[in-house]
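Right, one structure below, let's go through it.
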Amino acid sequence: MDKILEAVVMSSYPNNVKQGLVRRVIEAAKQPMDSEQCWSMLELSTKLYLTGDTKYKREIGKEVLEVYGHYHPEEFEEFFNVRFLLSLLQEGYGPLGKRSHYVLDYIQLGLQFILESPSANSIFSLLRIEVLRKVCERPSPKQCAKISKLLTQHPQCIPTGKHQVLFCQQLIRCIGQFQCVSEGEEDIMEFLEQVNKVSGLLQRIWRTQTSAILPSLKELFTIISSTEEQEAPSNALASVVQFVPLELMDGVIRNLTNDDSITDVQMMTAIGRMIDWVSWPLGKNIDKWIIALLKGLAAVKKFSILIEVTLSKIEKVFSKLLYPIVREGALSVLQYMLLSFQHSHEAFHLLLPHIPRLVASLKKEDSNSATSSLEQLAELIHCMFFRFSGFPDLYEPVLEAVKALPIPNEDRIKHLLGQNAWTSQKNELACFYPRLVSKSETGKIGLINLGNTCYMNSIIQSLFMASDFRHSVLNLTEGNSQPLMTKLQWLFAFLEHSQRPAISPESFLSASWPPWFTPGAQQDCSEYLKYLLDRLHEEEKTGKRIYQKLKESSLMSQAVEHHYLNKTLIEKMFGGKMMTKIRCLKCLNVSSREEAFTDLSLAFPPPDRHVRGSTSVLPVEEIGPQFIEPPENPSQLTGSPWIQRKAPMAGDPAASLMPVETLGFQEPGEAANPLSGDAVGVDAAKDPLSALGEQACAPKDSRSVPDLINYFLSPERLTAENKYHCEKCASLQDAEKVAELTEGPHYLILTLLRFSFDPRTMKRKKILDNVSIPVVLKLAAPGSGFMSVLYDLCSVVVHSGISSESGHYYCYSRECTDTVPQGQPRDGAPKPASDKQLDFEIQWYLFNDTRVSFSSFESVSNVTSFFPKDTAYVLFYRQRPGRQSCLLHEALAEAGRLHGEPSLHKDLMEAISKDNILYLQEQEKEARNRAAYISALPKSPLWWRDFDRDKDDDSSSGGCSPAAGGGGSGSFHGLVF
């Protein structure tokens, strides 16, 4: 019968004819027959199954085997013996030997017919040894899947005891070498199925023998942490982790992160490869394990590992949001990586160029998954905006991309940021940041944030960019008996000459810190500025008193005496004078007192108060009674001249416009102010400033800096509880108070009073109104000795946030220097009128702690439009040379050599030189350390392929290439490995 069957199978008859003849043979095989005939048929069917060159032949061999195993069990058991199976497993079958791919399938097929036979245990014992030997030979994914299928169907063949643990470890070794050799979608699906069968076997073993889990995980970690492998282990290992019970997670992670035998390089390599697992499709709980390990590393303060791995992998994780099949896990990992990386903006800023494209892609996808991911991504982005404010130039494209998506409230943002940070002690990360960086291309130097010290950094940078003040500070002689000024001189010198990209102002902070400030808390930069200027002023005055006593002892020369009897530097640079007049409304008697000031605190008029539109300026005597509530503290009208007069806060009816103008900012139909004396007339149509004025001008219903100054200078009614005690009437009377600027400071500092106390919430709230800022400001006071003065904007400190106790400060600055007045000769040639425009072409810079970048006046003007919480707070204006100020400018030019480099004293020059050498040494050491770290990071294809390639492009060497990794085209295979 075997000859007939072989002849039929090998014949050239059509398959349907063959099938009919085979049916007859098989039916005949169900009848009793002698042992020899059975052996012959079993040998033929074995040959067809193992060596058949067509699927048809193998199917016939299988069918015949099943018939004989069922109807002739004794003969089948005798044929299917231990020696025969050992020969198949070790030597193969027939002339093809070990090249037969169907030995395991054949054994699985035969096992079902000998389960109850006496030889079954012997066969199981043989297979337990042989499957272990097989996996130690590192079979292909296909053969591993066959072993797994065999052992899943016949668990009696799974190795036991120590061999079982070894088997699990060797199986994980096999998975670590799996690679898909084809990019075809069908081949990839088959590969995934094979991997799932193998990892599913591990799950089955772990369910029954939990003692095998930890040794298996240890082997897995050994594989992914190895730095000696030529080729990275396969991402198919992700399929193993998904089957580890989550209740074991805490213990496993704790053991790993506290194991001193694991080096930092090994740990970094391992976590880097685990993060690559987000590319593995259909994996469950992988993101949970990755996040748990990241948290575990943070708990033991392995910050260097976390920083390097985050910066090297975050873009790749972000790119996986393109693919629905791995999106959920990738988003979880991305959220943790970003929300935990709070010591620096570096990780978030790596993603900025890619966010708009991803958002556009998700919107186009228009699926539930895409919609949900967009909302979570927008929430994450707004958290980063909140944490790392002060980068309007970088954030505008991202803000435009997510503007239509929901914005989380501040409580939600604080909650997310609060529960994910690696550490609350920022100084623990000081040694890791700033990392290996070069000096800004601007040539300017940043200031390290020492823990919510942006309020100080922004003020220092603004003062540094006030070039006249900076040159005067740098020109101070050694041993000037001014400790705080000396520290400021050193800080300015390092900002001028250091090679570092950012320096630490720690020494100056400790010396200039107001004693009532809370360490580590956000403070008001205006309050700090007032305190700093007052300290510097009083310190110099004290020095003058000491020298006065020396003079009286005849120990001083006349030159030194003359120097020290002049104004203090703070008075010269920032000091102005204001005349306060109070008129009794009964007897009309006027009393006046002159006050000194270093800044003007400008309150916001109530919404119904309009200060624009009037074209007349009236002398004090002719101003009619107007109701304005007085300052909260009347005692501020007397006392130290360095205590600021506070502007009225409550509403009042419209008043006449006081003499404040902006050049080039006139609104259509509005007449120019009639200014007396040497007032400068400006033709808006011809003035090159007007073009810039148009783009910076706020809408009609918004405020401008001149509005606030005019409101500040408008009359104030003293009545009711705040009546004025008139000496002439000898009683309390209604009165009117008015302030006039009598001497303009060299640098005019304006503080916009954006923070007010809300009695309902018992908190200070912030006024978020946009205020247009003129680049050129003209002040005049007809009827007084204070002539018209032009001021150029040189710095704007911006507060980002909605509370004075939180948020962030950064500043825009430019260097303003004297220019030749229009019409005067320059190098023998007359200056054309168009040169006036050069004032607007002076380079602006954006100072945000350690980061310094180029900016523009357009960015200054538009920042609140794009970022409503980012509002101008403190403004610095520099006075242009004029009749009133020419003597001061000449004195500054002589004493300070304004346009030359100040010569630093010897000790300061040596300190800067030593620190520059130290910085170079630090850079070399850091470069070597980072090179060692980065070389240990697992290699993978370039992440940006996910963004740059067309989703229909299948010509790429995608994720299934022998190199493995996470890149590839946008088709399905681009997701895998």
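How things are named: the first chain in the structure tokens is A, the next is B, and so on; residues count from 1 in each chain; ligands count from 1 in the order shown.
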Which polymer residues have any atom within 12 Å of an atom of region 753-766 of chain A, counting only C-alpha atoms, with same-chain residues fewer than 2 positions away left out, as a short mmCIF file (atom, residue, chain, number, x, y, z; two decimals) with N, CA and C atoms, in the first residue's frame?
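Heads up, here's the output in result09.cif:
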```cif
data_model
loop_
_atom_site.label_atom_id
_atom_site.label_comp_id
_atom_site.auth_asym_id
_atom_site.auth_seq_id
_atom_site.Cartn_x
_atom_site.Cartn_y
_atom_site.Cartn_z
N ASP A 524 9.41 90.16 44.42
CA ASP A 524 9.05 91.24 43.51
C ASP A 524 10.33 91.92 43.04
N CYS A 525 10.58 91.93 41.74
CA CYS A 525 11.82 92.50 41.23
C CYS A 525 11.89 94.01 41.47
N SER A 526 10.75 94.69 41.45
CA SER A 526 10.73 96.12 41.71
C SER A 526 11.13 96.42 43.15
N GLU A 527 10.64 95.61 44.06
CA GLU A 527 10.99 95.78 45.47
C GLU A 527 12.49 95.55 45.66
N ASP A 599 12.58 105.93 41.09
CA ASP A 599 11.68 105.34 40.09
C ASP A 599 10.29 105.90 40.31
N LEU A 600 9.49 105.84 39.28
CA LEU A 600 8.10 106.26 39.36
C LEU A 600 7.22 105.02 39.35
N SER A 601 6.38 104.87 40.36
CA SER A 601 5.46 103.74 40.43
C SER A 601 4.13 104.16 39.83
N LEU A 602 3.79 103.57 38.69
CA LEU A 602 2.65 104.04 37.91
C LEU A 602 1.45 103.13 38.11
N ALA A 603 0.38 103.68 38.69
CA ALA A 603 -0.86 102.92 38.86
C ALA A 603 -1.65 102.93 37.56
N PHE A 604 -2.58 101.98 37.44
CA PHE A 604 -3.45 101.89 36.26
C PHE A 604 -4.72 102.70 36.52
N PRO A 605 -5.10 103.57 35.57
CA PRO A 605 -6.37 104.28 35.73
C PRO A 605 -7.53 103.29 35.73
N LYS A 646 3.57 107.10 46.25
CA LYS A 646 2.74 106.12 45.56
C LYS A 646 1.61 106.80 44.84
N ALA A 647 1.36 106.34 43.64
CA ALA A 647 0.31 106.95 42.83
C ALA A 647 -1.05 106.56 43.37
N PRO A 648 -2.07 107.39 43.15
CA PRO A 648 -3.43 107.05 43.59
C PRO A 648 -3.93 105.81 42.88
N MET A 649 -4.75 105.03 43.57
CA MET A 649 -5.20 103.75 43.04
C MET A 649 -6.66 103.77 42.62
N ALA A 650 -7.47 104.70 43.15
CA ALA A 650 -8.90 104.63 42.89
C ALA A 650 -9.28 105.46 41.68
N VAL A 705 2.21 103.74 28.12
CA VAL A 705 3.04 104.29 29.19
C VAL A 705 2.74 105.77 29.42
N LEU A 708 -0.21 106.20 31.71
CA LEU A 708 0.04 105.93 33.12
C LEU A 708 0.82 107.06 33.77
N ILE A 709 1.76 107.66 33.02
CA ILE A 709 2.52 108.78 33.58
C ILE A 709 1.59 109.98 33.79
N PHE A 712 -0.43 109.44 36.76
CA PHE A 712 0.41 109.62 37.95
C PHE A 712 0.56 111.10 38.30
N LEU A 750 10.52 103.19 35.39
CA LEU A 750 9.07 103.21 35.56
C LEU A 750 8.61 101.82 35.99
N THR A 751 7.91 101.73 37.10
CA THR A 751 7.34 100.46 37.56
C THR A 751 5.83 100.51 37.37
N LEU A 768 -3.63 92.32 34.09
CA LEU A 768 -3.01 91.74 32.89
C LEU A 768 -3.17 92.62 31.65
N ASP A 769 -3.61 93.87 31.84
CA ASP A 769 -3.82 94.76 30.70
C ASP A 769 -2.53 94.92 29.90
N ASN A 770 -2.70 94.92 28.59
CA ASN A 770 -1.55 95.20 27.71
C ASN A 770 -1.28 96.70 27.75
N VAL A 771 -0.03 97.07 27.82
CA VAL A 771 0.38 98.48 27.82
C VAL A 771 1.37 98.70 26.69
N VAL A 798 10.00 91.84 32.16
CA VAL A 798 8.69 91.23 31.95
C VAL A 798 8.40 90.25 33.08
N HIS A 799 7.19 90.30 33.60
CA HIS A 799 6.74 89.30 34.58
C HIS A 799 5.80 88.35 33.89
N SER A 800 6.10 87.06 33.99
CA SER A 800 5.26 86.02 33.40
C SER A 800 4.54 85.28 34.51
N GLY A 801 3.24 85.40 34.56
CA GLY A 801 2.47 84.74 35.61
C GLY A 801 1.29 85.60 36.02
N ILE A 802 0.53 85.13 36.99
CA ILE A 802 -0.66 85.87 37.42
C ILE A 802 -0.60 86.25 38.89
N SER A 803 0.56 86.04 39.51
CA SER A 803 0.70 86.36 40.93
C SER A 803 2.09 86.92 41.18
N SER A 804 2.17 87.85 42.12
CA SER A 804 3.48 88.43 42.45
C SER A 804 4.34 87.43 43.22
N GLU A 805 3.70 86.42 43.82
CA GLU A 805 4.45 85.43 44.59
C GLU A 805 4.89 84.25 43.75
N SER A 806 4.54 84.24 42.49
CA SER A 806 4.93 83.13 41.62
C SER A 806 5.22 83.69 40.24
N GLY A 807 5.45 82.80 39.29
CA GLY A 807 5.74 83.25 37.94
C GLY A 807 7.24 83.35 37.70
N PRO A 868 -0.57 86.31 27.16
CA PRO A 868 -1.29 87.27 28.00
C PRO A 868 -0.75 87.40 29.43
N LYS A 869 -0.11 86.36 29.95
CA LYS A 869 0.42 86.43 31.31
C LYS A 869 1.79 87.09 31.36
N ASP A 870 2.40 87.33 30.20
CA ASP A 870 3.71 87.97 30.14
C ASP A 870 3.52 89.46 29.91
N THR A 871 3.73 90.25 30.93
CA THR A 871 3.44 91.68 30.86
C THR A 871 4.64 92.50 31.30
N ALA A 872 4.83 93.65 30.63
CA ALA A 872 5.90 94.57 31.02
C ALA A 872 5.67 95.04 32.45
N TYR A 873 6.73 95.08 33.23
CA TYR A 873 6.59 95.42 34.65
C TYR A 873 7.50 96.60 35.04
N VAL A 874 8.78 96.50 34.72
CA VAL A 874 9.71 97.59 35.03
C VAL A 874 10.38 98.03 33.74
N LEU A 875 10.36 99.35 33.48
CA LEU A 875 10.94 99.91 32.26
C LEU A 875 12.11 100.80 32.62
#
```
So which residues touch Leu350 (chain A) within 10 Å, counting only C-alpha atoms, skipping near sequence neighbours fewer than 4 positions away, as a PDB file with N, CA, C and O atoms, in the first residue's frame?
```
ATOM      1  N   LEU A 311      17.682  63.583  27.397  1.00  0.00           N
ATOM      2  CA  LEU A 311      18.047  64.443  26.270  1.00  0.00           C
ATOM      3  C   LEU A 311      18.330  63.641  25.003  1.00  0.00           C
ATOM      4  O   LEU A 311      18.109  64.130  23.894  1.00  0.00           O
ATOM      5  N   SER A 312      18.812  62.415  25.153  1.00  0.00           N
ATOM      6  CA  SER A 312      19.131  61.628  23.964  1.00  0.00           C
ATOM      7  C   SER A 312      17.917  60.880  23.404  1.00  0.00           C
ATOM      8  O   SER A 312      17.902  60.519  22.228  1.00  0.00           O
ATOM      9  N   ILE A 314      14.303  61.746  24.185  1.00  0.00           N
ATOM     10  CA  ILE A 314      12.967  62.351  24.249  1.00  0.00           C
ATOM     11  C   ILE A 314      12.409  62.647  22.854  1.00  0.00           C
ATOM     12  O   ILE A 314      11.207  62.525  22.623  1.00  0.00           O
ATOM     13  N   GLU A 315      13.259  63.010  21.908  1.00  0.00           N
ATOM     14  CA  GLU A 315      12.758  63.291  20.565  1.00  0.00           C
ATOM     15  C   GLU A 315      12.238  62.019  19.890  1.00  0.00           C
ATOM     16  O   GLU A 315      11.235  62.055  19.163  1.00  0.00           O
ATOM     17  N   HIS A 345      15.164  73.939  30.812  1.00  0.00           N
ATOM     18  CA  HIS A 345      14.240  73.945  29.676  1.00  0.00           C
ATOM     19  C   HIS A 345      14.748  73.107  28.510  1.00  0.00           C
ATOM     20  O   HIS A 345      14.071  72.968  27.493  1.00  0.00           O
ATOM     21  N   GLU A 346      15.926  72.505  28.659  1.00  0.00           N
ATOM     22  CA  GLU A 346      16.611  71.892  27.520  1.00  0.00           C
ATOM     23  C   GLU A 346      15.796  70.775  26.864  1.00  0.00           C
ATOM     24  O   GLU A 346      15.696  70.695  25.639  1.00  0.00           O
ATOM     25  N   HIS A 354       9.398  70.350  16.395  1.00  0.00           N
ATOM     26  CA  HIS A 354       8.589  69.238  15.886  1.00  0.00           C
ATOM     27  C   HIS A 354       7.119  69.298  16.304  1.00  0.00           C
ATOM     28  O   HIS A 354       6.287  68.605  15.717  1.00  0.00           O
ATOM     29  N   ILE A 355       6.810  70.123  17.313  1.00  0.00           N
ATOM     30  CA  ILE A 355       5.445  70.143  17.837  1.00  0.00           C
ATOM     31  C   ILE A 355       4.424  70.588  16.792  1.00  0.00           C
ATOM     32  O   ILE A 355       3.394  69.922  16.617  1.00  0.00           O
TER      33      ILE A 355
END
```
At what distance in Å, to one decimal, does CA of Ser216 (chain A) lie from CA of Val244 (chain A)?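 So the answer is 10.0 Å.
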Give me the residues near region 192-203 of chain A as a VMD selection string, where near means some atom within 8 Å (using only C-alpha atoms) and where sequence neighbours in that chain fewer than 4 positions away do not count. chain A and resid 141 to 142 144 to 145 148 to 149 151 to 152 168 171 175 188 207 236 239 to 240 243 to 244
May I have the selected residues written with N, CA and C atoms, as a PDB file, in the first residue's frame?
```pdb
ATOM      1  N   PRO A 141      13.664  33.004  15.187  1.00  0.00           N
ATOM      2  CA  PRO A 141      12.337  33.260  15.772  1.00  0.00           C
ATOM      3  C   PRO A 141      11.314  32.197  15.383  1.00  0.00           C
ATOM      4  N   LYS A 142      11.418  31.698  14.162  1.00  0.00           N
ATOM      5  CA  LYS A 142      10.449  30.697  13.694  1.00  0.00           C
ATOM      6  C   LYS A 142      10.601  29.398  14.468  1.00  0.00           C
ATOM      7  N   CYS A 144      12.057  29.062  17.439  1.00  0.00           N
ATOM      8  CA  CYS A 144      11.702  29.327  18.840  1.00  0.00           C
ATOM      9  C   CYS A 144      10.197  29.287  19.025  1.00  0.00           C
ATOM     10  N   ALA A 145       9.470  29.814  18.047  1.00  0.00           N
ATOM     11  CA  ALA A 145       8.016  29.793  18.115  1.00  0.00           C
ATOM     12  C   ALA A 145       7.500  28.362  18.082  1.00  0.00           C
ATOM     13  N   SER A 148       8.031  26.853  21.438  1.00  0.00           N
ATOM     14  CA  SER A 148       7.031  27.395  22.357  1.00  0.00           C
ATOM     15  C   SER A 148       5.670  26.761  22.128  1.00  0.00           C
ATOM     16  N   LYS A 149       5.331  26.544  20.865  1.00  0.00           N
ATOM     17  CA  LYS A 149       4.044  25.922  20.556  1.00  0.00           C
ATOM     18  C   LYS A 149       4.006  24.492  21.085  1.00  0.00           C
ATOM     19  N   LEU A 151       5.793  23.244  23.623  1.00  0.00           N
ATOM     20  CA  LEU A 151       5.774  23.203  25.085  1.00  0.00           C
ATOM     21  C   LEU A 151       4.468  23.750  25.648  1.00  0.00           C
ATOM     22  N   THR A 152       3.828  24.668  24.940  1.00  0.00           N
ATOM     23  CA  THR A 152       2.542  25.180  25.400  1.00  0.00           C
ATOM     24  C   THR A 152       1.479  24.095  25.305  1.00  0.00           C
ATOM     25  N   CYS A 168      14.394  29.506  30.895  1.00  0.00           N
ATOM     26  CA  CYS A 168      13.803  30.850  30.776  1.00  0.00           C
ATOM     27  C   CYS A 168      14.869  31.881  30.409  1.00  0.00           C
ATOM     28  N   LEU A 171      15.930  31.388  26.858  1.00  0.00           N
ATOM     29  CA  LEU A 171      14.873  31.815  25.940  1.00  0.00           C
ATOM     30  C   LEU A 171      14.890  33.341  25.795  1.00  0.00           C
ATOM     31  N   ILE A 175      15.343  35.722  22.475  1.00  0.00           N
ATOM     32  CA  ILE A 175      14.499  36.863  22.093  1.00  0.00           C
ATOM     33  C   ILE A 175      15.366  38.104  21.860  1.00  0.00           C
ATOM     34  N   ILE A 188       6.195  40.928   8.762  1.00  0.00           N
ATOM     35  CA  ILE A 188       6.263  41.562  10.080  1.00  0.00           C
ATOM     36  C   ILE A 188       5.165  41.012  10.993  1.00  0.00           C
ATOM     37  N   ARG A 207       3.631  31.783  35.545  1.00  0.00           N
ATOM     38  CA  ARG A 207       2.370  31.623  36.284  1.00  0.00           C
ATOM     39  C   ARG A 207       2.441  30.444  37.246  1.00  0.00           C
ATOM     40  N   ALA A 236      12.274  43.255  20.707  1.00  0.00           N
ATOM     41  CA  ALA A 236      11.306  42.203  21.008  1.00  0.00           C
ATOM     42  C   ALA A 236      11.328  41.829  22.489  1.00  0.00           C
ATOM     43  N   SER A 239       8.354  42.448  24.714  1.00  0.00           N
ATOM     44  CA  SER A 239       7.234  41.509  24.835  1.00  0.00           C
ATOM     45  C   SER A 239       7.341  40.671  26.100  1.00  0.00           C
ATOM     46  N   VAL A 240       8.546  40.552  26.647  1.00  0.00           N
ATOM     47  CA  VAL A 240       8.749  39.775  27.870  1.00  0.00           C
ATOM     48  C   VAL A 240       8.261  40.562  29.080  1.00  0.00           C
ATOM     49  N   PHE A 243       4.611  40.745  30.601  1.00  0.00           N
ATOM     50  CA  PHE A 243       4.020  39.634  31.340  1.00  0.00           C
ATOM     51  C   PHE A 243       4.529  39.534  32.784  1.00  0.00           C
ATOM     52  N   VAL A 244       5.393  40.471  33.185  1.00  0.00           N
ATOM     53  CA  VAL A 244       5.866  40.470  34.571  1.00  0.00           C
ATOM     54  C   VAL A 244       4.771  41.075  35.443  1.00  0.00           C
TER      55      VAL A 244
END
```
Counting only C-alpha atoms, the option among A:Val789, A:Cys816, A:Ala502, A:Ile917 closest to Asn449 (chain A): A:Ala502
Pick from A:Val135, A:Ile582, A:Ala120, A:Ile60: nearest to Leu21 (chain A), with only C-alpha atoms counted?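 The closest residue to Leu21 (chain A) is A:Ile60.
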State, in Å with one decimal place, the distance from CA of Ile570 (chain A) to CA of His808 (chain A).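 Computing it gives 26.8 Å between the two atoms.
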One decimal, Å: what's the distance from CA of Leu334 (chain A) over to CA of Phe318 (chain A), could you say? 6.5 Å
Compile the contact shell of Asn457 (chain A) as a list of chain:residue names: residues with an atom at most 10 Å away, counting only C-alpha atoms, same-chain residues fewer than 3 positions apart removed. A:Gly446, A:Leu447, A:Ile448, A:Asn449, A:Leu450, A:Asn452, A:Thr453, A:Cys454, A:Ile460, A:Gln461, A:Ser462, A:Leu463, A:Ser504, A:Pro505, A:Leu509, A:Cys525, A:Tyr809, A:Tyr810, A:Cys811, A:Phe847, A:Asn848, A:Asp849, A:Thr850
Could those residues be written to a file, using N, CA, C and O atoms, as a compact mmCIF listing (two decimals), in the first residue's frame?
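Everything below was put into again-v4.txt:
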```
# COMPACT_ATOMS: atom_id res chain seq x y z
N GLY A 446 24.84 84.92 30.54
CA GLY A 446 23.66 84.74 31.36
C GLY A 446 23.99 84.64 32.84
O GLY A 446 25.16 84.61 33.25
N LEU A 447 22.93 84.56 33.65
CA LEU A 447 23.07 84.42 35.10
C LEU A 447 22.35 83.16 35.54
O LEU A 447 21.20 82.92 35.15
N ILE A 448 23.00 82.34 36.34
CA ILE A 448 22.41 81.09 36.81
C ILE A 448 21.32 81.41 37.83
O ILE A 448 21.50 82.25 38.72
N ASN A 449 20.18 80.74 37.69
CA ASN A 449 19.09 80.89 38.65
C ASN A 449 19.42 80.05 39.88
O ASN A 449 19.59 78.84 39.78
N LEU A 450 19.50 80.70 41.03
CA LEU A 450 19.90 80.01 42.26
C LEU A 450 18.72 79.53 43.08
O LEU A 450 18.85 79.24 44.26
N ASN A 452 14.57 80.35 42.19
CA ASN A 452 13.62 81.47 42.14
C ASN A 452 14.31 82.83 42.27
O ASN A 452 13.79 83.74 42.93
N THR A 453 15.48 82.97 41.68
CA THR A 453 16.19 84.26 41.74
C THR A 453 16.13 85.00 40.42
O THR A 453 16.95 85.87 40.16
N CYS A 454 15.16 84.67 39.58
CA CYS A 454 15.04 85.37 38.29
C CYS A 454 14.71 86.85 38.51
O CYS A 454 15.04 87.68 37.66
N ILE A 460 19.65 92.72 37.47
CA ILE A 460 21.10 92.86 37.25
C ILE A 460 21.40 93.05 35.77
O ILE A 460 22.21 93.91 35.39
N GLN A 461 20.75 92.26 34.92
CA GLN A 461 21.01 92.39 33.48
C GLN A 461 20.56 93.76 32.97
O GLN A 461 21.21 94.35 32.10
N SER A 462 19.45 94.28 33.48
CA SER A 462 18.99 95.60 33.07
C SER A 462 19.98 96.68 33.50
O SER A 462 20.28 97.60 32.73
N LEU A 463 20.47 96.56 34.73
CA LEU A 463 21.46 97.53 35.20
C LEU A 463 22.77 97.41 34.42
O LEU A 463 23.42 98.41 34.10
N SER A 504 27.43 82.49 38.13
CA SER A 504 26.59 82.44 39.33
C SER A 504 26.69 83.76 40.09
O SER A 504 27.79 84.19 40.44
N PRO A 505 25.55 84.40 40.39
CA PRO A 505 25.57 85.65 41.16
C PRO A 505 25.39 85.40 42.65
O PRO A 505 24.87 86.25 43.38
N LEU A 509 24.05 87.94 45.52
CA LEU A 509 22.73 87.69 46.09
C LEU A 509 22.79 87.75 47.61
O LEU A 509 21.96 88.40 48.25
N CYS A 525 10.58 91.93 41.74
CA CYS A 525 11.82 92.50 41.23
C CYS A 525 11.89 94.01 41.47
O CYS A 525 12.97 94.57 41.68
N TYR A 809 10.51 86.05 35.89
CA TYR A 809 10.94 87.33 35.33
C TYR A 809 12.00 87.10 34.25
O TYR A 809 12.86 86.21 34.39
N TYR A 810 11.92 87.87 33.20
CA TYR A 810 13.00 87.94 32.21
C TYR A 810 13.01 89.36 31.66
O TYR A 810 12.11 90.15 31.96
N CYS A 811 14.02 89.71 30.91
CA CYS A 811 14.09 91.09 30.46
C CYS A 811 14.60 91.21 29.02
O CYS A 811 15.38 90.37 28.56
N PHE A 847 17.23 88.42 27.85
CA PHE A 847 17.95 87.77 28.96
C PHE A 847 16.97 86.97 29.79
O PHE A 847 16.04 87.52 30.38
N ASN A 848 17.19 85.66 29.82
CA ASN A 848 16.31 84.78 30.60
C ASN A 848 17.19 83.83 31.40
O ASN A 848 17.51 82.73 30.96
N ASP A 849 17.65 84.28 32.56
CA ASP A 849 18.58 83.51 33.39
C ASP A 849 19.81 83.13 32.57
O ASP A 849 20.51 83.99 32.09
N THR A 850 20.04 81.82 32.38
CA THR A 850 21.27 81.41 31.69
C THR A 850 21.21 81.63 30.18
O THR A 850 22.24 81.64 29.52
```
Between A:Gln266, A:Gln108, A:Asn285, A:Ser373, which has the minimum distance to Leu322 (chain A) (counting only C-alpha atoms)?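 Answer, going by the shortest atom-to-atom distance: A:Ser373.
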Looking at A:Lys586, A:His343, A:Lys313, A:His905, which one is nearest to Asp276 (chain A), with distances taken over only C-alpha atoms? A:Lys313
With a distance cut-off of 10 Å and only C-alpha atoms, select the neighbouring residues of Ile290 (chain A), excluding the residue or stretch itself and same-chain residues fewer than 3 positions from it, and output the selection as a PyMOL selection string. chain A and resi 271-278+285-287+293-296+329+332-333+336
Shortest contact to Ala299 (chain A), candidates A:Leu585, A:Gln921, A:Arg254, A:Lys316, atoms counted only C-alpha atoms, goes to A:Arg254
Distance query Pro408 (chain A) at most 8 Å, only C-alpha atoms, self and fewer than 4 positions along chain excluded, as a short mmCIF file (atom, residue, chain, number, x, y, z; two decimals) with N, CA, C and O atoms, in the first residue's frame:
```cif
data_model
loop_
_atom_site.label_atom_id
_atom_site.label_comp_id
_atom_site.auth_asym_id
_atom_site.auth_seq_id
_atom_site.Cartn_x
_atom_site.Cartn_y
_atom_site.Cartn_z
N GLU A 379 -2.03 70.12 27.14
CA GLU A 379 -1.89 70.31 28.59
C GLU A 379 -0.42 70.26 28.98
O GLU A 379 0.06 71.08 29.79
N HIS A 382 1.40 73.49 27.86
CA HIS A 382 1.10 74.65 28.72
C HIS A 382 1.80 74.52 30.08
O HIS A 382 2.18 75.53 30.68
N ARG A 412 -4.33 73.01 38.01
CA ARG A 412 -4.02 71.75 37.34
C ARG A 412 -2.54 71.71 36.93
O ARG A 412 -1.86 70.69 37.10
N ILE A 413 -2.04 72.80 36.40
CA ILE A 413 -0.63 72.87 35.99
C ILE A 413 0.28 72.67 37.19
O ILE A 413 1.24 71.88 37.14
#
```
Exercise: Ser813 (chain A) partners within 7 Å, only C-alpha atoms, chain neighbours under 4 positions left out, as JSON, numbers by chain: {"A": [462, 465, 794, 795, 796, 844, 845, 846]}
